[in-house]
>>> print(open('query26.txt').read())   # compact mmCIF, C-alpha atoms
# COMPACT_ATOMS: atom_id res chain seq x y z
CA MET A 1 170.60 -81.71 -49.27
CA LYS A 2 168.39 -80.85 -46.31
CA ALA A 3 170.15 -83.49 -44.18
CA ILE A 4 173.52 -81.80 -44.52
CA LEU A 5 172.19 -78.27 -44.02
CA GLU A 6 170.50 -79.08 -40.71
CA ARG A 7 172.43 -77.72 -37.75
CA ASP A 8 173.79 -80.57 -35.67
CA LYS A 9 176.75 -79.46 -33.59
CA THR A 10 177.48 -82.97 -32.34
CA PHE A 11 177.77 -84.37 -35.85
CA TYR A 12 179.94 -81.56 -37.20
CA LYS A 13 182.17 -81.67 -34.13
CA LYS A 14 182.71 -85.40 -34.58
CA ILE A 15 183.41 -85.05 -38.30
CA PHE A 16 185.87 -82.24 -37.62
CA VAL A 17 187.70 -83.98 -34.77
CA ILE A 18 187.96 -87.35 -36.51
CA ALA A 19 188.26 -86.42 -40.18
CA LEU A 20 190.56 -83.38 -40.03
CA PRO A 21 193.70 -85.16 -38.74
CA ILE A 22 193.11 -88.00 -41.24
CA ILE A 23 192.73 -85.46 -44.05
CA ILE A 24 195.95 -83.68 -43.03
CA GLN A 25 197.79 -87.00 -42.78
CA ASN A 26 196.54 -88.16 -46.18
CA PHE A 27 197.38 -84.78 -47.68
CA ILE A 28 200.93 -84.99 -46.39
CA THR A 29 201.21 -88.55 -47.69
CA SER A 30 199.90 -87.71 -51.15
CA SER A 31 201.92 -84.49 -51.41
CA LEU A 32 205.14 -86.26 -50.55
CA ASN A 33 204.25 -89.10 -52.93
CA ILE A 34 204.08 -86.49 -55.67
CA VAL A 35 207.48 -85.16 -54.58
CA ASP A 36 208.84 -88.73 -54.57
CA THR A 37 207.44 -89.35 -58.05
CA ILE A 38 208.97 -86.10 -59.31
CA MET A 39 212.34 -87.06 -57.76
CA ILE A 40 212.30 -90.50 -59.35
CA GLY A 41 210.98 -88.96 -62.57
CA LYS A 42 214.22 -86.98 -62.80
CA LEU A 43 215.95 -90.30 -63.42
CA GLY A 44 213.72 -91.09 -66.42
CA GLU A 45 210.49 -92.74 -67.55
CA VAL A 46 211.89 -96.27 -67.08
CA GLU A 47 212.69 -95.50 -63.44
CA ILE A 48 209.28 -93.99 -62.72
CA ALA A 49 207.59 -96.99 -64.35
CA SER A 50 209.82 -99.41 -62.40
CA VAL A 51 208.99 -97.89 -59.02
CA GLY A 52 205.31 -97.60 -59.96
CA ILE A 53 205.19 -101.29 -60.86
CA GLY A 54 207.21 -102.27 -57.78
CA ASN A 55 204.66 -100.45 -55.68
CA GLN A 56 201.82 -102.44 -57.23
CA TYR A 57 202.90 -105.41 -55.10
CA PHE A 58 202.90 -103.17 -52.03
CA PHE A 59 199.51 -101.86 -53.13
CA LEU A 60 198.14 -105.41 -53.04
CA PHE A 61 199.67 -105.92 -49.58
CA ASN A 62 198.33 -102.56 -48.42
CA ILE A 63 194.83 -103.39 -49.65
CA LEU A 64 194.96 -106.70 -47.78
CA ILE A 65 195.94 -105.18 -44.44
CA MET A 66 193.56 -102.27 -44.97
CA GLY A 67 190.71 -104.73 -45.45
CA MET A 68 191.78 -106.72 -42.41
CA PHE A 69 192.01 -103.73 -40.09
CA SER A 70 188.92 -102.05 -41.55
CA GLY A 71 187.00 -105.19 -40.61
CA MET A 72 188.41 -104.99 -37.09
CA ALA A 73 187.65 -101.27 -36.96
CA VAL A 74 183.93 -102.05 -37.12
CA TYR A 75 184.26 -103.84 -33.77
CA THR A 76 186.67 -101.34 -32.24
CA SER A 77 184.34 -98.42 -33.05
CA GLN A 78 181.25 -100.24 -31.75
CA TYR A 79 183.10 -101.43 -28.59
CA TRP A 80 184.20 -97.83 -28.04
CA GLY A 81 180.55 -96.79 -28.23
CA ARG A 82 179.94 -99.17 -25.30
CA LYS A 83 183.28 -98.26 -23.62
CA ASP A 84 184.32 -101.94 -23.55
CA ILE A 85 188.09 -101.38 -23.17
CA ALA A 86 188.99 -105.02 -22.49
CA SER A 87 187.52 -106.15 -25.82
CA ILE A 88 189.25 -103.30 -27.66
CA LYS A 89 192.64 -104.53 -26.36
CA LYS A 90 191.85 -108.04 -27.60
CA VAL A 91 191.06 -106.68 -31.07
CA VAL A 92 194.40 -104.81 -31.08
CA GLY A 93 196.27 -107.94 -29.95
CA LEU A 94 194.69 -110.07 -32.66
CA GLY A 95 195.52 -107.38 -35.21
CA SER A 96 199.17 -107.28 -34.14
CA LEU A 97 199.50 -111.04 -34.55
CA LEU A 98 197.94 -110.98 -38.01
CA ALA A 99 200.08 -107.97 -39.01
CA VAL A 100 203.30 -109.88 -38.35
CA ILE A 101 202.10 -113.04 -40.11
CA ILE A 102 200.82 -111.32 -43.26
CA GLY A 103 203.81 -108.95 -43.39
CA LEU A 104 206.30 -111.83 -43.22
CA ILE A 105 204.51 -113.79 -45.95
CA PHE A 106 204.61 -110.87 -48.40
CA THR A 107 208.21 -110.09 -47.50
CA VAL A 108 209.44 -113.64 -48.12
CA VAL A 109 207.65 -113.90 -51.47
CA ALA A 110 209.15 -110.58 -52.63
CA LEU A 111 212.66 -111.61 -51.55
CA ILE A 112 212.42 -114.96 -53.35
CA SER A 113 211.02 -113.78 -56.69
CA PRO A 114 211.08 -109.98 -57.22
CA GLY A 115 211.78 -110.32 -60.95
CA PHE A 116 208.77 -112.54 -61.53
CA ILE A 117 206.49 -110.10 -59.70
CA VAL A 118 207.65 -107.13 -61.79
CA SER A 119 207.48 -109.13 -65.06
CA ILE A 120 203.75 -109.65 -64.53
CA PHE A 121 203.24 -105.95 -65.25
CA ASN A 122 205.88 -105.17 -67.86
CA LYS A 123 208.24 -107.18 -70.09
CA SER A 124 210.95 -104.50 -70.48
CA THR A 125 214.31 -105.85 -69.31
CA ASP A 126 215.31 -102.51 -67.77
CA VAL A 127 211.99 -102.14 -65.95
CA ILE A 128 212.26 -105.69 -64.54
CA ARG A 129 215.85 -105.11 -63.38
CA LEU A 130 215.19 -101.77 -61.67
CA GLY A 131 211.81 -102.84 -60.29
CA SER A 132 213.42 -105.94 -58.75
CA GLU A 133 216.11 -103.83 -57.07
CA TYR A 134 213.46 -101.56 -55.59
CA LEU A 135 211.15 -104.36 -54.45
CA GLY A 136 213.95 -106.41 -52.89
CA VAL A 137 214.67 -103.62 -50.37
CA VAL A 138 211.28 -102.01 -49.80
CA CYS A 139 209.62 -105.35 -48.93
CA LEU A 140 211.57 -105.38 -45.65
CA SER A 141 209.28 -102.56 -44.45
CA TYR A 142 206.04 -104.54 -44.78
CA VAL A 143 205.81 -105.91 -41.21
CA PHE A 144 206.37 -102.41 -39.81
CA THR A 145 203.76 -100.97 -42.16
CA ALA A 146 201.18 -103.53 -41.03
CA LEU A 147 201.83 -102.93 -37.32
CA THR A 148 201.54 -99.18 -37.79
CA PHE A 149 198.26 -99.61 -39.67
CA ASN A 150 196.87 -101.76 -36.84
CA PHE A 151 197.61 -99.27 -34.04
CA ALA A 152 196.74 -96.18 -36.12
CA THR A 153 193.34 -97.62 -37.09
CA ALA A 154 192.56 -98.49 -33.46
CA LEU A 155 193.51 -94.97 -32.32
CA ARG A 156 191.15 -93.46 -34.90
CA CYS A 157 188.31 -95.68 -33.74
CA ILE A 158 188.69 -94.38 -30.16
CA GLU A 159 188.68 -90.83 -31.58
CA LYS A 160 192.44 -90.21 -31.13
CA THR A 161 193.19 -89.21 -34.71
CA SER A 162 195.81 -86.51 -34.19
CA ILE A 163 198.56 -88.90 -33.00
CA PRO A 164 198.64 -91.09 -36.14
CA MET A 165 198.66 -87.87 -38.16
CA LEU A 166 201.68 -86.43 -36.34
CA VAL A 167 203.63 -89.69 -36.42
CA SER A 168 202.89 -90.18 -40.11
CA ALA A 169 203.98 -86.62 -40.86
CA VAL A 170 207.36 -87.20 -39.16
CA ALA A 171 207.86 -90.48 -41.02
CA LEU A 172 206.88 -89.07 -44.41
CA LEU A 173 209.08 -86.00 -44.07
CA THR A 174 211.92 -88.33 -43.10
CA ASN A 175 211.18 -90.46 -46.15
CA THR A 176 211.31 -87.48 -48.49
CA PHE A 177 214.55 -86.17 -46.99
CA LEU A 178 216.19 -89.59 -47.23
CA ASN A 179 214.96 -89.92 -50.83
CA TRP A 180 216.91 -86.76 -51.63
CA VAL A 181 219.96 -88.19 -49.86
CA PHE A 182 219.97 -91.71 -51.27
CA ILE A 183 218.45 -91.33 -54.75
CA PHE A 184 220.88 -88.61 -55.84
CA GLY A 185 223.81 -89.32 -53.50
CA ASN A 186 223.67 -86.13 -51.42
CA LEU A 187 225.47 -85.47 -48.09
CA GLY A 188 228.18 -87.96 -49.02
CA ALA A 189 225.80 -90.90 -49.50
CA PRO A 190 226.17 -93.19 -52.55
CA ASP A 191 224.07 -92.45 -55.65
CA MET A 192 221.60 -95.37 -55.37
CA GLY A 193 218.76 -94.39 -57.72
CA VAL A 194 215.56 -96.43 -57.26
CA LYS A 195 217.26 -98.60 -54.63
CA GLY A 196 217.83 -95.43 -52.58
CA ALA A 197 214.11 -94.66 -52.69
CA ALA A 198 213.42 -98.13 -51.28
CA LEU A 199 215.98 -97.70 -48.49
CA ALA A 200 214.47 -94.35 -47.52
CA THR A 201 211.03 -95.94 -47.27
CA LEU A 202 212.34 -98.78 -45.09
CA ILE A 203 214.02 -96.42 -42.60
CA ALA A 204 210.94 -94.18 -42.43
CA ARG A 205 208.58 -97.12 -41.78
CA VAL A 206 210.72 -98.47 -38.93
CA LEU A 207 210.80 -94.99 -37.36
CA GLU A 208 207.03 -94.59 -37.75
CA THR A 209 206.22 -97.89 -36.01
CA THR A 210 208.66 -97.23 -33.17
CA ILE A 211 207.30 -93.75 -32.41
CA LEU A 212 203.64 -94.81 -32.54
CA ILE A 213 203.99 -97.82 -30.21
CA ALA A 214 206.21 -95.83 -27.85
CA TYR A 215 203.55 -93.10 -27.61
CA ILE A 216 200.78 -95.61 -26.87
CA TYR A 217 202.64 -97.14 -23.93
CA ILE A 218 204.28 -94.00 -22.55
CA SER A 219 200.94 -92.13 -22.57
CA LYS A 220 199.17 -95.18 -21.07
CA SER A 221 196.56 -95.19 -23.82
CA VAL A 222 193.57 -97.54 -23.56
CA LEU A 223 195.32 -99.55 -26.30
CA ALA A 224 198.40 -100.12 -24.11
CA GLY A 225 197.52 -103.61 -23.03
CA LYS A 226 199.77 -106.10 -21.30
CA ILE A 227 200.67 -109.29 -23.16
CA LYS A 228 197.93 -111.20 -21.33
CA GLU A 229 195.32 -108.53 -22.10
CA LEU A 230 196.23 -108.36 -25.79
CA PHE A 231 196.38 -112.09 -26.47
CA SER A 232 193.73 -113.48 -24.11
CA PHE A 233 191.14 -113.69 -26.88
CA SER A 234 189.15 -116.92 -27.09
CA ARG A 235 188.38 -119.00 -30.17
CA ASP A 236 184.81 -117.68 -30.14
CA PHE A 237 186.10 -114.09 -30.03
CA VAL A 238 188.37 -114.71 -33.04
CA LYS A 239 185.52 -116.41 -34.89
CA MET A 240 183.24 -113.44 -34.23
CA ILE A 241 185.83 -110.97 -35.53
CA PHE A 242 186.56 -113.09 -38.59
CA ILE A 243 182.89 -113.36 -39.54
CA THR A 244 182.90 -109.61 -40.25
CA MET A 245 186.57 -109.21 -41.14
CA ILE A 246 186.74 -111.83 -43.90
CA PRO A 247 184.05 -110.22 -46.11
CA VAL A 248 185.77 -106.83 -45.68
CA LEU A 249 189.13 -108.47 -46.43
CA LEU A 250 187.71 -110.15 -49.53
CA ASN A 251 186.12 -106.84 -50.52
CA GLU A 252 189.43 -105.02 -50.36
CA GLY A 253 191.21 -108.00 -51.91
CA CYS A 254 188.84 -108.12 -54.89
CA TRP A 255 189.14 -104.39 -55.35
CA GLY A 256 192.92 -104.51 -54.95
CA LEU A 257 193.36 -107.40 -57.37
CA GLY A 258 191.08 -105.62 -59.82
CA SER A 259 193.17 -102.45 -59.53
CA VAL A 260 196.33 -104.51 -60.03
CA MET A 261 194.73 -106.11 -63.09
CA TYR A 262 193.99 -102.64 -64.46
CA ASN A 263 197.67 -101.78 -64.07
CA VAL A 264 198.70 -105.04 -65.72
CA ILE A 265 196.55 -104.01 -68.68
CA TYR A 266 197.93 -100.45 -68.71
CA GLY A 267 201.48 -101.80 -68.39
CA ARG A 268 201.00 -104.10 -71.37
CA ILE A 269 199.88 -101.12 -73.45
CA GLY A 270 203.38 -99.70 -72.94
CA THR A 271 205.85 -98.02 -70.58
CA GLN A 272 204.49 -94.56 -71.43
CA ALA A 273 200.96 -95.73 -70.65
CA ILE A 274 201.80 -97.03 -67.17
CA ALA A 275 203.90 -93.91 -66.47
CA SER A 276 200.94 -91.65 -67.34
CA VAL A 277 198.59 -93.70 -65.14
CA GLN A 278 201.10 -93.54 -62.28
CA ILE A 279 201.25 -89.74 -62.51
CA ALA A 280 197.46 -89.36 -62.74
CA THR A 281 196.88 -91.75 -59.82
CA THR A 282 199.32 -89.86 -57.60
CA VAL A 283 197.55 -86.58 -58.34
CA TYR A 284 194.11 -88.17 -57.89
CA ASN A 285 195.10 -89.46 -54.44
CA LEU A 286 196.08 -85.93 -53.43
CA PHE A 287 192.64 -84.64 -54.39
CA MET A 288 190.87 -87.49 -52.58
CA VAL A 289 192.39 -86.94 -49.13
CA VAL A 290 189.29 -85.11 -47.90
CA ILE A 291 187.00 -87.89 -49.09
CA PHE A 292 189.01 -90.65 -47.45
CA GLY A 293 188.98 -88.60 -44.27
CA ILE A 294 185.19 -88.30 -44.36
CA GLY A 295 184.90 -92.00 -45.21
CA SER A 296 187.07 -93.03 -42.25
CA ALA A 297 185.18 -90.67 -39.95
CA SER A 298 181.80 -91.99 -41.11
CA LEU A 299 182.80 -95.57 -40.20
CA VAL A 300 183.68 -94.42 -36.67
CA ILE A 301 180.66 -92.13 -36.22
CA VAL A 302 178.09 -94.57 -37.61
CA GLY A 303 179.69 -97.50 -35.75
CA ASN A 304 179.70 -95.59 -32.44
CA GLU A 305 175.98 -94.77 -32.66
CA ILE A 306 174.97 -98.29 -33.67
CA GLY A 307 177.17 -99.72 -30.89
CA ARG A 308 175.27 -97.52 -28.42
CA GLY A 309 172.01 -98.93 -29.78
CA ASP A 310 170.80 -95.74 -31.53
CA LYS A 311 170.12 -97.06 -35.05
CA ASP A 312 168.09 -94.04 -36.13
CA LYS A 313 170.94 -91.67 -35.37
CA GLY A 314 173.34 -94.06 -37.12
CA TYR A 315 171.26 -93.80 -40.30
CA LYS A 316 170.89 -90.04 -39.94
CA TYR A 317 174.64 -89.53 -39.53
CA GLY A 318 175.33 -91.87 -42.44
CA LYS A 319 173.12 -89.74 -44.67
CA LYS A 320 174.86 -86.57 -43.56
CA CYS A 321 178.28 -88.08 -44.32
CA VAL A 322 177.19 -89.07 -47.83
CA MET A 323 175.77 -85.63 -48.61
CA LEU A 324 178.83 -83.86 -47.24
CA GLY A 325 181.10 -86.09 -49.34
CA CYS A 326 179.15 -85.39 -52.55
CA ILE A 327 179.34 -81.63 -52.03
CA VAL A 328 183.10 -81.87 -51.48
CA GLY A 329 183.32 -84.15 -54.55
CA ILE A 330 181.82 -81.45 -56.78
CA ILE A 331 184.37 -78.91 -55.54
CA LEU A 332 187.25 -81.34 -56.06
CA SER A 333 186.08 -82.16 -59.57
CA LEU A 334 186.14 -78.48 -60.58
CA GLY A 335 189.56 -78.00 -58.98
CA LEU A 336 191.00 -80.99 -60.82
CA ILE A 337 189.77 -79.70 -64.17
CA LEU A 338 191.30 -76.27 -63.55
CA LEU A 339 194.67 -77.53 -62.28
CA SER A 340 195.33 -80.67 -64.36
CA ASN A 341 197.40 -78.97 -67.04
CA GLN A 342 199.62 -77.14 -64.54
CA ILE A 343 200.19 -80.27 -62.44
CA VAL A 344 201.38 -82.55 -65.26
CA THR A 345 203.95 -79.97 -66.40
CA LEU A 346 205.81 -80.55 -63.12
CA TYR A 347 206.94 -83.97 -64.32
CA ASP A 348 210.09 -84.41 -66.38
CA VAL A 349 208.52 -86.81 -68.90
CA SER A 350 207.74 -86.86 -72.62
CA GLU A 351 204.94 -84.77 -74.09
CA GLN A 352 202.98 -87.94 -74.90
CA VAL A 353 202.99 -89.00 -71.23
CA ARG A 354 201.87 -85.51 -70.18
CA ILE A 355 198.96 -85.53 -72.65
CA TRP A 356 197.77 -88.97 -71.56
CA ALA A 357 198.11 -88.13 -67.86
CA ARG A 358 196.13 -84.91 -68.33
CA ASN A 359 193.37 -86.72 -70.22
CA ILE A 360 193.13 -89.35 -67.48
CA LEU A 361 192.75 -86.57 -64.91
CA TYR A 362 189.87 -85.12 -66.95
CA VAL A 363 188.17 -88.52 -66.91
CA ILE A 364 188.66 -88.74 -63.12
CA ALA A 365 187.12 -85.28 -62.69
CA PHE A 366 184.09 -86.29 -64.76
CA ILE A 367 183.33 -89.36 -62.62
CA MET A 368 184.48 -87.82 -59.31
CA VAL A 369 181.12 -87.32 -57.56
CA ILE A 370 179.88 -90.84 -58.25
CA ARG A 371 183.20 -92.34 -57.14
CA VAL A 372 183.09 -90.26 -53.94
CA TYR A 373 179.55 -91.40 -53.21
CA ASN A 374 180.54 -95.06 -53.62
CA ILE A 375 183.61 -94.72 -51.39
CA ILE A 376 181.74 -93.17 -48.48
CA ILE A 377 178.86 -95.65 -48.72
CA ILE A 378 181.02 -98.80 -48.93
CA VAL A 379 184.13 -97.87 -46.93
CA GLY A 380 182.36 -95.76 -44.33
CA VAL A 381 178.63 -96.16 -43.82
CA LEU A 382 177.98 -99.81 -44.71
CA ARG A 383 181.07 -101.01 -42.84
CA GLY A 384 180.18 -98.89 -39.82
CA GLY A 385 176.85 -100.71 -39.83
CA GLY A 386 178.52 -104.12 -40.08
CA ASP A 387 177.15 -104.77 -43.58
CA ALA A 388 180.34 -106.36 -44.88
CA LYS A 389 178.90 -109.14 -47.03
CA VAL A 390 176.75 -106.90 -49.20
CA SER A 391 179.64 -104.42 -49.59
CA LEU A 392 181.74 -107.33 -50.87
CA ALA A 393 179.05 -108.38 -53.34
CA ILE A 394 178.68 -104.86 -54.74
CA GLU A 395 182.42 -104.19 -55.03
CA ALA A 396 183.42 -107.56 -56.47
CA SER A 397 180.59 -107.93 -58.97
CA THR A 398 180.94 -104.48 -60.55
CA MET A 399 184.72 -104.57 -60.81
CA TRP A 400 185.18 -108.12 -62.08
CA PHE A 401 182.09 -108.40 -64.27
CA ILE A 402 182.17 -104.86 -65.68
CA GLY A 403 185.40 -102.93 -65.04
CA VAL A 404 188.11 -105.50 -65.78
CA PRO A 405 186.42 -107.05 -68.88
CA VAL A 406 185.78 -103.59 -70.34
CA ALA A 407 189.44 -102.60 -69.76
CA PHE A 408 190.62 -105.80 -71.46
CA ILE A 409 188.37 -105.20 -74.47
CA GLY A 410 189.42 -101.55 -74.77
CA ALA A 411 193.16 -102.26 -74.55
CA PHE A 412 193.60 -105.50 -76.50
CA ILE A 413 190.63 -105.77 -78.86
CA LEU A 414 189.77 -102.15 -79.65
CA LYS A 415 193.43 -101.09 -79.03
CA LEU A 416 192.43 -97.71 -77.62
CA PRO A 417 194.84 -95.18 -76.06
CA VAL A 418 195.31 -95.62 -72.32
CA TYR A 419 193.12 -92.64 -71.34
CA GLN A 420 190.18 -94.02 -73.37
CA VAL A 421 190.61 -97.43 -71.72
CA TYR A 422 190.57 -95.66 -68.35
CA ALA A 423 187.36 -93.87 -69.37
CA LEU A 424 185.65 -97.16 -70.27
CA CYS A 425 186.38 -98.49 -66.79
CA THR A 426 184.26 -95.75 -65.19
CA LEU A 427 181.16 -97.68 -66.26
CA GLU A 428 181.88 -99.81 -63.18
CA GLU A 429 181.42 -96.80 -60.87
CA ILE A 430 178.06 -95.86 -62.39
CA VAL A 431 176.57 -99.33 -61.90
CA LYS A 432 178.09 -99.55 -58.40
CA GLY A 433 176.43 -96.25 -57.47
CA VAL A 434 172.97 -97.64 -58.30
CA PHE A 435 173.52 -100.68 -56.03
CA CYS A 436 174.90 -98.49 -53.21
CA LEU A 437 171.89 -96.16 -53.32
CA ARG A 438 169.41 -99.04 -53.10
CA ARG A 439 171.24 -100.68 -50.21
CA PHE A 440 171.56 -97.48 -48.20
CA LYS A 441 167.87 -96.60 -48.52
CA SER A 442 166.82 -100.10 -47.43
CA LYS A 443 168.40 -99.62 -43.95
CA LYS A 444 169.17 -103.37 -43.94
CA TRP A 445 172.84 -102.49 -43.46
CA ILE A 446 172.32 -101.42 -39.83
CA ASN A 447 173.62 -104.19 -37.54
CA ASN A 448 174.73 -103.98 -33.89
CA LEU A 449 177.54 -106.54 -33.86
CA VAL A 450 178.59 -106.13 -30.20
CA ASP A 451 175.16 -106.24 -28.56
>>> encode(input="query26.txt", output="structure tokens")
Amino acid sequence: MKAILERDKTFYKKIFVIALPIIIQNFITSSLNIVDTIMIGKLGEVEIASVGIGNQYFFLFNILIMGMFSGMAVYTSQYWGRKDIASIKKVVGLGSLLAVIIGLIFTVVALISPGFIVSIFNKSTDVIRLGSEYLGVVCLSYVFTALTFNFATALRCIEKTSIPMLVSAVALLTNTFLNWVFIFGNLGAPDMGVKGAALATLIARVLETTILIAYIYISKSVLAGKIKELFSFSRDFVKMIFITMIPVLLNEGCWGLGSVMYNVIYGRIGTQAIASVQIATTVYNLFMVVIFGIGSASLVIVGNEIGRGDKDKGYKYGKKCVMLGCIVGIILSLGLILLSNQIVTLYDVSEQVRIWARNILYVIAFIMVIRVYNIIIIVGVLRGGGDAKVSLAIEASTMWFIGVPVAFIGAFILKLPVYQVYALCTLEEIVKGVFCLRRFKSKKWINNLVD
């Protein structure tokens, strides 16, 4: 506690400047996701389950690109600490190339077999039909999403966090407005239901990418490289980036696949079960916006100091970020307990779904501080220090050897209600927290990758 109470104007200024725009952006995103879920929920439980399941495929894609660009962010933040602009442009160029390749692969797979993808999560004919309609349109936005993520992550690493926030706000407000137009057939548009929600997302993503790239080049940002500057990276440069990026990518991939597996298990329990999890997850994401902001800021702050060669300050700032996150986690936990009942009543679903969603939120509140601690350590501090391989080992081992098996046993052998299965899975977070604490205290995670 002493570490966070010490007065350090430089630290608090950096946290404020970097984290606040990310927090606002994530808050807008999560708030509008709740609005979207409520809109779709007006159509019925089958529709909300269909869109939720359709988004599981996007979730897997999102986790993949997040891992890829988080791995690159380690280098961008450390290069920024050294003010090596030429290398930063090469990282951005490599990221743009990978964004297009990965985005196209996921798009083609979704266009070829949307029904098969949805059927993995739920066997209801109506859910498969509606989920396929949604996925077949929304997948066209994946390349744009990946490009936006690449440039937005790079801007954050060079401490320009307000621009991605503003662009995202415009895109998300556009998405919500177009949802209202296309889902319900307002302003003379056809009544498209879940397909309208997908179309709104596609238009908003294209707009978001266009505005962000236009800003970078019109403002002559340090990221605005010429073709030769962006793609002049050598084989050795790519190999160096991949050595750190692949463990981060595998980390996010393991976590993402594990989360998808959880939803497969919840979906097999029943449509009401997956609907309740979808509601609880949307609310949980709204409460976690501050934590993800602190986590993203800690990667940049710790990476900057280590890139400059000041390992002691990197450790000190990492400790401050962890303590700050835990304090915020306690506050969020209390808020979630107090507001859970009021939040679930906003959804036009059955009483059973409301009860299960509320109980899941109580479980989330109970484990909140430990989960927050783990997020900031793994996503922020260890990655900022270039400790990608150990982060992968911690994340993968606890999820796949504890979380997923326990969920399977709870759902299919013990046949517990969905909220009790969710509670069993929190054992993963407790064990993960022990590993994270030991690794952080060892200081072995501090690595200057660009020296």
>>> residues_around(input="query26.txt", residues="range 424-439 of chain A", least_positions_apart="5", cutoff="6 Å", atoms="only C-alpha atoms", output="list in words")
Asn374, Thr398, Ile402, Gly403 and Ala407 of chain A
>>> closest_residue(input="query26.txt", among="A:Leu111, A:Gly385, A:Tyr347, A:Tyr284", to="Tyr362 in chain A", atoms="all atoms listed in the file")
A:Tyr284
>>> closest_residue(input="query26.txt", among="A:Met399, A:Ile246, A:Ile355, A:Ile24", to="Val260 in chain A", atoms="all atoms listed in the file")
A:Met399
>>> atom_distance(input="query26.txt", atom1="CA of Leu43 in chain A", atom2="CA of Ile183 in chain A")
9.1 Å
>>> closest_residue(input="query26.txt", among="A:Phe184, A:Phe106, A:Tyr266, A:Phe69", to="Gly52 in chain A", atoms="all atoms listed in the file")
A:Tyr266
